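A.B. asks: Here it is, the structure, as structure tokens.
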Amino acid sequence: MNDIVIKTQGLTKYFDDYCAVNDLDLAIKRGSIYGFLGPNGCGKSTTMRLLTGLLTPSAGEVKVLGYDLPNQAEALRLKIGYMTQKFSLYDNLSVLENLQFVAQIYGLSRGQRRERLSQLLAMYHLEDKQHVRAGSLSGGQKQRLALAAATLHEPPLLLLDEPTSAVDPENRREFWERLFDLSDSGTTILVSTHYMDEAERCHGLAIMELGKKRADGSPAQLMEQLKATVFQLTGAGLRQVGKQLADLAPVISTAQIGNTLRVLLTPGLPDAKAWLHQQVAHINIEQVKPNLEDVFVASTGVGYAKSIQN
Ligand SMILES: Nc1ncnc2c1ncn2[C@@H]1O[C@H](COP(=O)(O)OP(=O)(O)OP(=O)(O)O)[C@@H](O)[C@H]1O
């Protein structure tokens with residue numbers, strides 16, 4: 001059995017002469033939750049739409065669940081669930097009516113419909129809301145309803161485009177519990193996000209910028225492989241210290257976090273801690289383990305440019 005359910009090689013998408021997805025190679029395993037992490041406009045949604053067959057690539061090869069895209073996009077359609085960042089169900093229909101409508105689109109018989117809908121209402125804690133208009137649900141309830149609708153036909157692949165941008169942390173956590181249930185039962189899930197805590201929950205992750213994949217691996221691998229050295233500085237005058245360090249060549253980034261200053265240095269320095277001490281003698285300096293945000297900073301923007309230079 002082939003465990004790679006999404007494979008792309010050289011996947012590229014131009015809109016006129018703007019390259020939104022640039023030479024993207026992916027290999028995503030069955031049953032995994034794989035994230036696209038990146039700033040606005042980096043090509044996350046475009047990649048997702050290419051993987052659903054909604055968009056035609058300008059170049060490259062795409063195989064999803066064994067189907068070659070874009071040629072076999074129609075056959076793939078029934079095998080995927082797709083949820084976009086905007087609530088795309090009907091505000092004026094009740095929760096139940098929305099689900100009944102989607103069930104009809106997927107051609108479920110009356111008996112199948114009854115069974116599946118009561119299952120979904122229970123699973124997504126929407127039983128007591130089933131006769132409420134979708135438009136009057138809270139952000140978290142809307143997202144649960146959208147996930148119920150996207151999974152109604154039990155697709156083996158689920159694509160979620162920034163699914164929790166409008167929900168609070170508690171609802172986000174609850175939403176992710178459901179994603180892990182789905183993954184546990186073999187569903188492959190692609191999720192785009194710009195939240196670090198969501199990215200950390202993924203089994204695998206691509207960090208994207210300007211349509212390019214800058215890093216790929218599990219969050220643990222990405223943190224382990226980070227070439228930069230990370231320091232936490234404490235002491236007086238941290239704002240000033242941050243400004244003083246920011247422009248120096250070996251400094252990838254500085255960021256104040258509460259009472260500490262987090263500093264990322266390029267790997268080229270023979271003794272990074274000694275170098276830092278020379279710059280800021282009166283400050284406590286402790287080397288710390290990288291986190292995912294450090295990986296992100298070193299993989300994008302100025303941090304990326306400095307990382308590859310040094
Ligand atoms: N249909 C389109 N026509 C022209 N340009 C487009 C089109 N769709 C996307 N783009 C451009 O391609 C780039 C990538 O957009 P995309 O929506 O994939 O980014 P994203 O990472 O999903 O961002 P966001 O988080 O803001 O949704 C952007 O510069 C966007 O303006």
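A note on labels: chains of the structure tokens are A, B, ... as shown, every chain counts residues from 1, and ligands are counted from 1 in their shown order.
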Tell me which protein, DNA and RNA residues are within 9 Å of segment 125-137 of chain A, counting only C-alpha atoms, leaving out same-chain ones fewer than 3 positions away, and put them as number ranges by chain.
C.D. replies: A: 89-98, 118, 120-122, 140-142, 144-145
A.B. asks: For Asn284 of chain A, please output as an NGL selection string all residues within 7 Å (counting only C-alpha atoms; exclusion window: fewer than 2 positions along the same chain).
C.D. replies: :A and (233-235 or 282 or 286)
A.B. asks: Which one is closest to Leu292 of chain A: A:Ala59, A:Ala148, A:Leu159, A:Leu37? Count only C-alpha atoms.
C.D. replies: A:Leu37
A.B. asks: Using only C-alpha atoms and all ligand atoms, which protein or nucleic acid residues are at most 10 Å from ligand 1, as a PyMOL selection string?
C.D. replies: chain A and resi 13-21+36-50+55+84-85+161-162+165+192-194+208-211
A.B. asks: Excluding same-chain residues fewer than 3 positions from Phe175 of chain A, what lies within 12 Å of it counting only C-alpha atoms, as a PyMOL selection string?
C.D. replies: chain A and resi 123-125+139-148+160+163-172+178-182+198+201
A.B. asks: Using the selection just defined, write its residues with C-alpha atoms as an mmCIF file, in the first residue's frame.
C.D. replies:
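Below you can see result.cif, which holds the result:
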data_model
loop_
_atom_site.group_PDB
_atom_site.id
_atom_site.type_symbol
_atom_site.label_atom_id
_atom_site.label_comp_id
_atom_site.auth_asym_id
_atom_site.auth_seq_id
_atom_site.Cartn_x
_atom_site.Cartn_y
_atom_site.Cartn_z
ATOM 1 C CA MET A 123 -19.732 14.416 17.532
ATOM 2 C CA TYR A 124 -19.567 18.179 17.047
ATOM 3 C CA HIS A 125 -21.715 19.050 20.076
ATOM 4 C CA GLY A 139 -17.545 31.500 15.814
ATOM 5 C CA GLY A 140 -16.552 28.170 17.374
ATOM 6 C CA GLN A 141 -19.939 26.568 16.685
ATOM 7 C CA LYS A 142 -19.832 27.774 13.075
ATOM 8 C CA GLN A 143 -16.449 26.176 12.571
ATOM 9 C CA ARG A 144 -17.672 22.910 14.096
ATOM 10 C CA LEU A 145 -20.673 22.978 11.764
ATOM 11 C CA ALA A 146 -18.406 23.671 8.785
ATOM 12 C CA LEU A 147 -16.179 20.739 9.794
ATOM 13 C CA ALA A 148 -19.235 18.489 10.180
ATOM 14 C CA LEU A 160 -8.747 23.138 5.842
ATOM 15 C CA PRO A 163 -10.008 26.931 9.787
ATOM 16 C CA THR A 164 -9.697 28.554 13.178
ATOM 17 C CA SER A 165 -8.837 32.164 12.380
ATOM 18 C CA ALA A 166 -12.155 33.329 13.894
ATOM 19 C CA VAL A 167 -12.281 31.208 17.049
ATOM 20 C CA ASP A 168 -10.972 31.599 20.591
ATOM 21 C CA PRO A 169 -8.210 29.366 22.027
ATOM 22 C CA GLU A 170 -10.592 27.028 23.859
ATOM 23 C CA ASN A 171 -12.655 26.372 20.730
ATOM 24 C CA ARG A 172 -9.481 26.019 18.712
ATOM 25 C CA ARG A 178 -11.684 16.505 16.458
ATOM 26 C CA LEU A 179 -8.912 16.736 13.844
ATOM 27 C CA PHE A 180 -6.825 14.230 15.796
ATOM 28 C CA ASP A 181 -9.858 11.898 16.012
ATOM 29 C CA LEU A 182 -10.182 12.101 12.233
ATOM 30 C CA GLU A 198 -1.568 25.257 15.386
ATOM 31 C CA ARG A 201 0.248 20.421 16.550
#
A.B. asks: In Å, rounded to a single decimal, give me how far atom CA of Lys79 of chain A is from atom CA of Leu205 of chain A.
C.D. replies: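 Rounded to one decimal, the two atoms are 22.6 Å apart.
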A.B. asks: I'd like to know which of A:Gln279, A:Asn22, A:Ala206, A:Lys63 is closest to Gln244 of chain A, using only C-alpha atoms.
C.D. replies: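 Checking each candidate against Gln244 of chain A, we get A:Gln279 as the closest.
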A.B. asks: What are the DSSP helix (DSSP H, G or I) residues of segment 94-138 of chain A, as JSON, numbers by chain?
C.D. replies: {"A": [95, 96, 97, 98, 99, 100, 101, 102, 103, 104, 105, 110, 111, 112, 113, 114, 115, 116, 117, 118, 119, 120, 121, 122, 123, 127, 128, 129, 134, 135, 136]}
A.B. asks: Tell me which protein, DNA and RNA residues are within 12 Å of Gln240 of chain A, counting only C-alpha atoms, leaving out same-chain ones fewer than 2 positions away, and put them as a list in words.
C.D. replies: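 Once the nearby chain positions are removed, what remains is Gly235, Ala236, Gly237, Leu238, Gly242, Lys243, Gln244, Leu245, Ala246, Thr254, Ala255, Gln256, Leu261, Val280 and Ile283 of chain A.
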A.B. asks: I need the chosen residues saved as a PDB file, in the first residue's frame, with N, CA and C atoms.
C.D. replies:
ATOM      1  N   GLY A 235      18.019  41.336  31.924  1.00  0.00           N
ATOM      2  CA  GLY A 235      18.792  42.403  32.558  1.00  0.00           C
ATOM      3  C   GLY A 235      18.140  43.744  32.261  1.00  0.00           C
ATOM      4  N   ALA A 236      18.866  44.813  32.579  1.00  0.00           N
ATOM      5  CA  ALA A 236      18.293  46.157  32.418  1.00  0.00           C
ATOM      6  C   ALA A 236      18.475  46.659  30.978  1.00  0.00           C
ATOM      7  N   GLY A 237      17.551  47.498  30.547  1.00  0.00           N
ATOM      8  CA  GLY A 237      17.681  48.187  29.261  1.00  0.00           C
ATOM      9  C   GLY A 237      17.561  47.281  28.051  1.00  0.00           C
ATOM     10  N   LEU A 238      16.669  46.280  28.124  1.00  0.00           N
ATOM     11  CA  LEU A 238      16.575  45.312  27.017  1.00  0.00           C
ATOM     12  C   LEU A 238      16.133  45.938  25.689  1.00  0.00           C
ATOM     13  N   GLY A 242      18.243  45.389  22.397  1.00  0.00           N
ATOM     14  CA  GLY A 242      17.635  44.811  21.192  1.00  0.00           C
ATOM     15  C   GLY A 242      17.962  45.647  19.968  1.00  0.00           C
ATOM     16  N   LYS A 243      17.805  46.968  20.114  1.00  0.00           N
ATOM     17  CA  LYS A 243      18.061  47.865  18.972  1.00  0.00           C
ATOM     18  C   LYS A 243      19.532  47.844  18.579  1.00  0.00           C
ATOM     19  N   GLN A 244      20.380  47.794  19.595  1.00  0.00           N
ATOM     20  CA  GLN A 244      21.828  47.789  19.360  1.00  0.00           C
ATOM     21  C   GLN A 244      22.255  46.524  18.592  1.00  0.00           C
ATOM     22  N   LEU A 245      21.620  45.384  18.945  1.00  0.00           N
ATOM     23  CA  LEU A 245      22.020  44.121  18.308  1.00  0.00           C
ATOM     24  C   LEU A 245      21.421  43.935  16.919  1.00  0.00           C
ATOM     25  N   ALA A 246      20.207  44.473  16.743  1.00  0.00           N
ATOM     26  CA  ALA A 246      19.406  44.121  15.552  1.00  0.00           C
ATOM     27  C   ALA A 246      20.147  44.288  14.226  1.00  0.00           C
ATOM     28  N   THR A 254      15.943  39.808  16.737  1.00  0.00           N
ATOM     29  CA  THR A 254      15.787  40.036  18.177  1.00  0.00           C
ATOM     30  C   THR A 254      14.299  40.251  18.419  1.00  0.00           C
ATOM     31  N   ALA A 255      13.811  39.737  19.523  1.00  0.00           N
ATOM     32  CA  ALA A 255      12.396  39.947  19.852  1.00  0.00           C
ATOM     33  C   ALA A 255      12.241  39.981  21.356  1.00  0.00           C
ATOM     34  N   GLN A 256      11.582  41.032  21.845  1.00  0.00           N
ATOM     35  CA  GLN A 256      11.361  41.076  23.290  1.00  0.00           C
ATOM     36  C   GLN A 256      10.129  40.261  23.624  1.00  0.00           C
ATOM     37  N   LEU A 261      14.834  39.047  26.248  1.00  0.00           N
ATOM     38  CA  LEU A 261      15.068  39.358  24.838  1.00  0.00           C
ATOM     39  C   LEU A 261      15.569  38.077  24.175  1.00  0.00           C
ATOM     40  N   VAL A 280      27.259  43.150  24.534  1.00  0.00           N
ATOM     41  CA  VAL A 280      26.416  43.628  25.637  1.00  0.00           C
ATOM     42  C   VAL A 280      26.926  43.041  26.957  1.00  0.00           C
ATOM     43  N   ILE A 283      24.701  42.200  30.495  1.00  0.00           N
ATOM     44  CA  ILE A 283      23.423  41.478  30.367  1.00  0.00           C
ATOM     45  C   ILE A 283      23.642  39.981  30.629  1.00  0.00           C
TER      46      ILE A 283
END
A.B. asks: Neighbouring residues of Pro57 of chain A were defined as those with any atom within 9 Å, considering only C-alpha atoms; residues of the same chain fewer than 3 positions away were excluded. Please report them as a JSON list (two decimals) with N, CA and C atoms, in the first residue's frame.
C.D. replies:
[["chain", "number", "residue", "atom", "x", "y", "z"],
["A", 11, "LEU", "N", 5.56, 21.71, -8.53],
["A", 11, "LEU", "CA", 4.24, 22.36, -8.67],
["A", 11, "LEU", "C", 4.39, 23.89, -8.68],
["A", 12, "THR", "N", 3.86, 24.49, -9.73],
["A", 12, "THR", "CA", 4.04, 25.93, -9.94],
["A", 12, "THR", "C", 2.73, 26.54, -10.43],
["A", 13, "LYS", "N", 2.40, 27.72, -9.89],
["A", 13, "LYS", "CA", 1.21, 28.40, -10.38],
["A", 13, "LYS", "C", 1.48, 29.88, -10.58],
["A", 14, "TYR", "N", 1.28, 30.32, -11.79],
["A", 14, "TYR", "CA", 1.39, 31.75, -12.11],
["A", 14, "TYR", "C", -0.01, 32.35, -12.24],
["A", 50, "LEU", "N", -4.86, 24.09, -5.67],
["A", 50, "LEU", "CA", -4.22, 23.23, -6.68],
["A", 50, "LEU", "C", -4.40, 21.76, -6.31],
["A", 53, "GLY", "N", -7.77, 20.35, -7.17],
["A", 53, "GLY", "CA", -8.09, 20.33, -8.59],
["A", 53, "GLY", "C", -8.93, 21.53, -9.01],
["A", 60, "GLY", "N", 4.41, 21.40, -13.43],
["A", 60, "GLY", "CA", 4.61, 20.45, -12.34],
["A", 60, "GLY", "C", 3.60, 19.31, -12.35],
["A", 61, "GLU", "N", 3.87, 18.33, -11.48],
["A", 61, "GLU", "CA", 3.00, 17.15, -11.40],
["A", 61, "GLU", "C", 2.32, 17.08, -10.05],
["A", 62, "VAL", "N", 1.07, 16.67, -10.07],
["A", 62, "VAL", "CA", 0.31, 16.54, -8.82],
["A", 62, "VAL", "C", -0.45, 15.23, -8.84],
["A", 69, "LEU", "N", -3.78, 15.10, -11.28],
["A", 69, "LEU", "CA", -4.49, 16.37, -11.46],
["A", 69, "LEU", "C", -3.76, 17.21, -12.51],
["A", 70, "PRO", "N", -4.47, 18.03, -13.25],
["A", 70, "PRO", "CA", -5.90, 18.32, -13.13],
["A", 70, "PRO", "C", -6.82, 17.34, -13.88]]
A.B. asks: So the first atom is atom CA of Pro219 of chain A and the second is atom CA of Glu200 of chain A; what is the distance between them in Å, to one decimal place?
C.D. replies: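 Computing the Euclidean distance for atom CA of Pro219 of chain A and atom CA of Glu200 of chain A yields 5.9 Å.
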A.B. asks: Which of these, A:Thr52, A:Ser218, A:Ser253, A:Ser32, has the shortest distance to Ala75 of chain A once you count only C-alpha atoms?
C.D. replies: A:Thr52
A.B. asks: Could you give me, as a ChimeraX atom specification, each residue of segment 2-189 of chain A that DSSP assigns to strand (DSSP E or B) when run on this structure's backbone?
C.D. replies: /A:4-15,18-29,33-37,59-64,67-69,80-83,94,133,157-161,188-189
A.B. asks: Can I get the selection written as a short mmCIF file (atom, residue, chain, number, x, y, z; two decimals), in the first residue's frame, with N, CA and C atoms?
C.D. replies:
data_model
loop_
_atom_site.label_atom_id
_atom_site.label_comp_id
_atom_site.auth_asym_id
_atom_site.auth_seq_id
_atom_site.Cartn_x
_atom_site.Cartn_y
_atom_site.Cartn_z
N ILE A 4 2.09 7.35 0.73
CA ILE A 4 2.12 8.78 0.35
C ILE A 4 0.84 9.07 -0.44
N VAL A 5 -0.01 9.92 0.10
CA VAL A 5 -1.29 10.15 -0.58
C VAL A 5 -1.31 11.47 -1.37
N ILE A 6 -0.34 12.33 -1.07
CA ILE A 6 -0.22 13.56 -1.87
C ILE A 6 1.22 13.69 -2.32
N LYS A 7 1.40 13.77 -3.62
CA LYS A 7 2.76 13.93 -4.13
C LYS A 7 2.75 15.02 -5.19
N THR A 8 3.61 16.00 -4.99
CA THR A 8 3.76 17.01 -6.04
C THR A 8 5.24 17.13 -6.38
N GLN A 9 5.48 17.44 -7.64
CA GLN A 9 6.87 17.69 -8.07
C GLN A 9 6.89 18.93 -8.95
N GLY A 10 7.66 19.89 -8.51
CA GLY A 10 7.79 21.12 -9.31
C GLY A 10 6.48 21.88 -9.48
N LEU A 11 5.56 21.71 -8.53
CA LEU A 11 4.24 22.36 -8.67
C LEU A 11 4.39 23.89 -8.68
N THR A 12 3.86 24.49 -9.73
CA THR A 12 4.04 25.93 -9.94
C THR A 12 2.73 26.54 -10.43
N LYS A 13 2.40 27.72 -9.89
CA LYS A 13 1.21 28.40 -10.38
C LYS A 13 1.48 29.88 -10.58
N TYR A 14 1.28 30.32 -11.79
CA TYR A 14 1.39 31.75 -12.11
C TYR A 14 -0.01 32.35 -12.24
N PHE A 15 -0.19 33.57 -11.72
CA PHE A 15 -1.36 34.37 -12.08
C PHE A 15 -0.78 35.50 -12.94
N TYR A 18 2.75 36.71 -12.12
CA TYR A 18 3.08 36.59 -10.69
C TYR A 18 3.10 35.11 -10.29
N CYS A 19 4.22 34.71 -9.71
CA CYS A 19 4.35 33.30 -9.34
C CYS A 19 3.86 33.10 -7.90
N ALA A 20 2.67 32.52 -7.73
CA ALA A 20 2.08 32.36 -6.39
C ALA A 20 2.56 31.08 -5.72
N VAL A 21 2.86 30.06 -6.52
CA VAL A 21 3.42 28.80 -5.98
C VAL A 21 4.59 28.44 -6.88
N ASN A 22 5.75 28.22 -6.25
CA ASN A 22 6.98 28.17 -7.02
C ASN A 22 7.74 26.86 -6.79
N ASP A 23 7.60 25.93 -7.74
CA ASP A 23 8.43 24.73 -7.75
C ASP A 23 8.31 23.93 -6.43
N LEU A 24 7.09 23.60 -6.09
CA LEU A 24 6.82 22.98 -4.78
C LEU A 24 6.82 21.45 -4.87
N ASP A 25 7.66 20.84 -4.05
CA ASP A 25 7.67 19.38 -3.93
C ASP A 25 7.07 19.00 -2.59
N LEU A 26 6.09 18.10 -2.62
CA LEU A 26 5.48 17.64 -1.37
C LEU A 26 5.34 16.13 -1.40
N ALA A 27 5.44 15.51 -0.24
CA ALA A 27 5.14 14.07 -0.11
C ALA A 27 4.47 13.92 1.25
N ILE A 28 3.16 13.71 1.24
CA ILE A 28 2.41 13.73 2.49
C ILE A 28 1.80 12.36 2.77
N LYS A 29 2.02 11.90 4.00
CA LYS A 29 1.63 10.53 4.36
C LYS A 29 0.16 10.41 4.73
N ILE A 33 -1.49 14.81 9.78
CA ILE A 33 -1.96 16.20 9.72
C ILE A 33 -0.77 17.02 9.28
N TYR A 34 -0.90 17.63 8.11
CA TYR A 34 0.23 18.35 7.52
C TYR A 34 -0.14 19.82 7.39
N GLY A 35 0.72 20.68 7.88
CA GLY A 35 0.39 22.10 7.91
C GLY A 35 1.18 22.92 6.90
N PHE A 36 0.54 23.97 6.41
CA PHE A 36 1.25 25.00 5.65
C PHE A 36 1.28 26.24 6.53
N LEU A 37 2.47 26.63 6.90
CA LEU A 37 2.62 27.79 7.78
C LEU A 37 3.30 28.90 6.98
N ALA A 59 2.76 24.55 -14.09
CA ALA A 59 3.77 23.53 -14.36
C ALA A 59 3.81 22.56 -13.19
N GLY A 60 4.41 21.40 -13.43
CA GLY A 60 4.61 20.45 -12.34
C GLY A 60 3.60 19.31 -12.35
N GLU A 61 3.87 18.33 -11.48
CA GLU A 61 3.00 17.15 -11.40
C GLU A 61 2.32 17.08 -10.05
N VAL A 62 1.07 16.67 -10.07
CA VAL A 62 0.31 16.54 -8.82
C VAL A 62 -0.45 15.23 -8.84
N LYS A 63 -0.25 14.43 -7.79
CA LYS A 63 -1.03 13.21 -7.63
C LYS A 63 -1.64 13.25 -6.24
N VAL A 64 -2.97 13.14 -6.18
CA VAL A 64 -3.67 13.19 -4.89
C VAL A 64 -4.56 11.97 -4.79
N TYR A 67 -5.01 10.02 -7.88
CA TYR A 67 -5.55 10.69 -9.07
C TYR A 67 -4.55 11.72 -9.60
N ASP A 68 -4.36 11.72 -10.91
CA ASP A 68 -3.50 12.73 -11.53
C ASP A 68 -4.32 13.99 -11.75
N LEU A 69 -3.78 15.10 -11.28
CA LEU A 69 -4.49 16.37 -11.46
C LEU A 69 -3.76 17.21 -12.51
N ILE A 80 -12.79 14.28 -1.26
CA ILE A 80 -12.17 15.29 -0.40
C ILE A 80 -13.23 16.14 0.31
N GLY A 81 -12.84 16.65 1.46
CA GLY A 81 -13.63 17.65 2.16
C GLY A 81 -12.81 18.93 2.18
N TYR A 82 -13.44 20.06 1.92
CA TYR A 82 -12.68 21.30 1.79
C TYR A 82 -13.38 22.38 2.60
N MET A 83 -12.64 22.99 3.49
CA MET A 83 -13.24 24.02 4.33
C MET A 83 -12.39 25.28 4.21
N SER A 94 -31.10 26.48 9.25
CA SER A 94 -30.71 25.98 10.57
C SER A 94 -29.50 25.05 10.41
N ARG A 133 -30.58 28.96 13.63
CA ARG A 133 -30.05 29.46 12.37
C ARG A 133 -28.51 29.49 12.42
N LEU A 157 -9.56 12.53 2.59
CA LEU A 157 -8.67 13.71 2.62
C LEU A 157 -9.47 14.97 2.93
N LEU A 158 -8.94 15.73 3.87
CA LEU A 158 -9.61 16.94 4.31
C LEU A 158 -8.64 18.11 4.14
N LEU A 159 -9.11 19.19 3.48
CA LEU A 159 -8.26 20.37 3.31
C LEU A 159 -8.90 21.54 4.04
N LEU A 160 -8.19 22.09 4.98
CA LEU A 160 -8.75 23.14 5.84
C LEU A 160 -7.90 24.40 5.69
N ASP A 161 -8.52 25.42 5.12
CA ASP A 161 -7.77 26.65 4.87
C ASP A 161 -8.02 27.65 6.00
N THR A 188 -6.42 11.88 6.08
CA THR A 188 -5.27 12.77 5.90
C THR A 188 -5.79 14.20 5.92
N ILE A 189 -5.10 15.06 6.65
CA ILE A 189 -5.60 16.43 6.82
C ILE A 189 -4.52 17.44 6.45
#
A.B. asks: Which residues are close to Phe296 of chain A, i.e. within 9 Å by only C-alpha atoms, leaving aside same-chain residues fewer than 4 positions away? Reply as a ChimeraX atom specification.
C.D. replies: /A:37-38,196,207,215,291-292,300,303-304
A.B. asks: Just how far from atom CA of Leu264 of chain A is atom CA of Val230 of chain A, in Å to one decimal?
C.D. replies: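 Atom CA of Leu264 of chain A lies 4.6 Å from atom CA of Val230 of chain A.
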A.B. asks: Given the choices A:Leu51, A:Met223, A:Val251, A:Leu276, which gets closest to Leu190 of chain A if the distance is worked out from only C-alpha atoms?
C.D. replies: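 Of the candidates, the smallest distance to Leu190 of chain A is held by A:Leu51.
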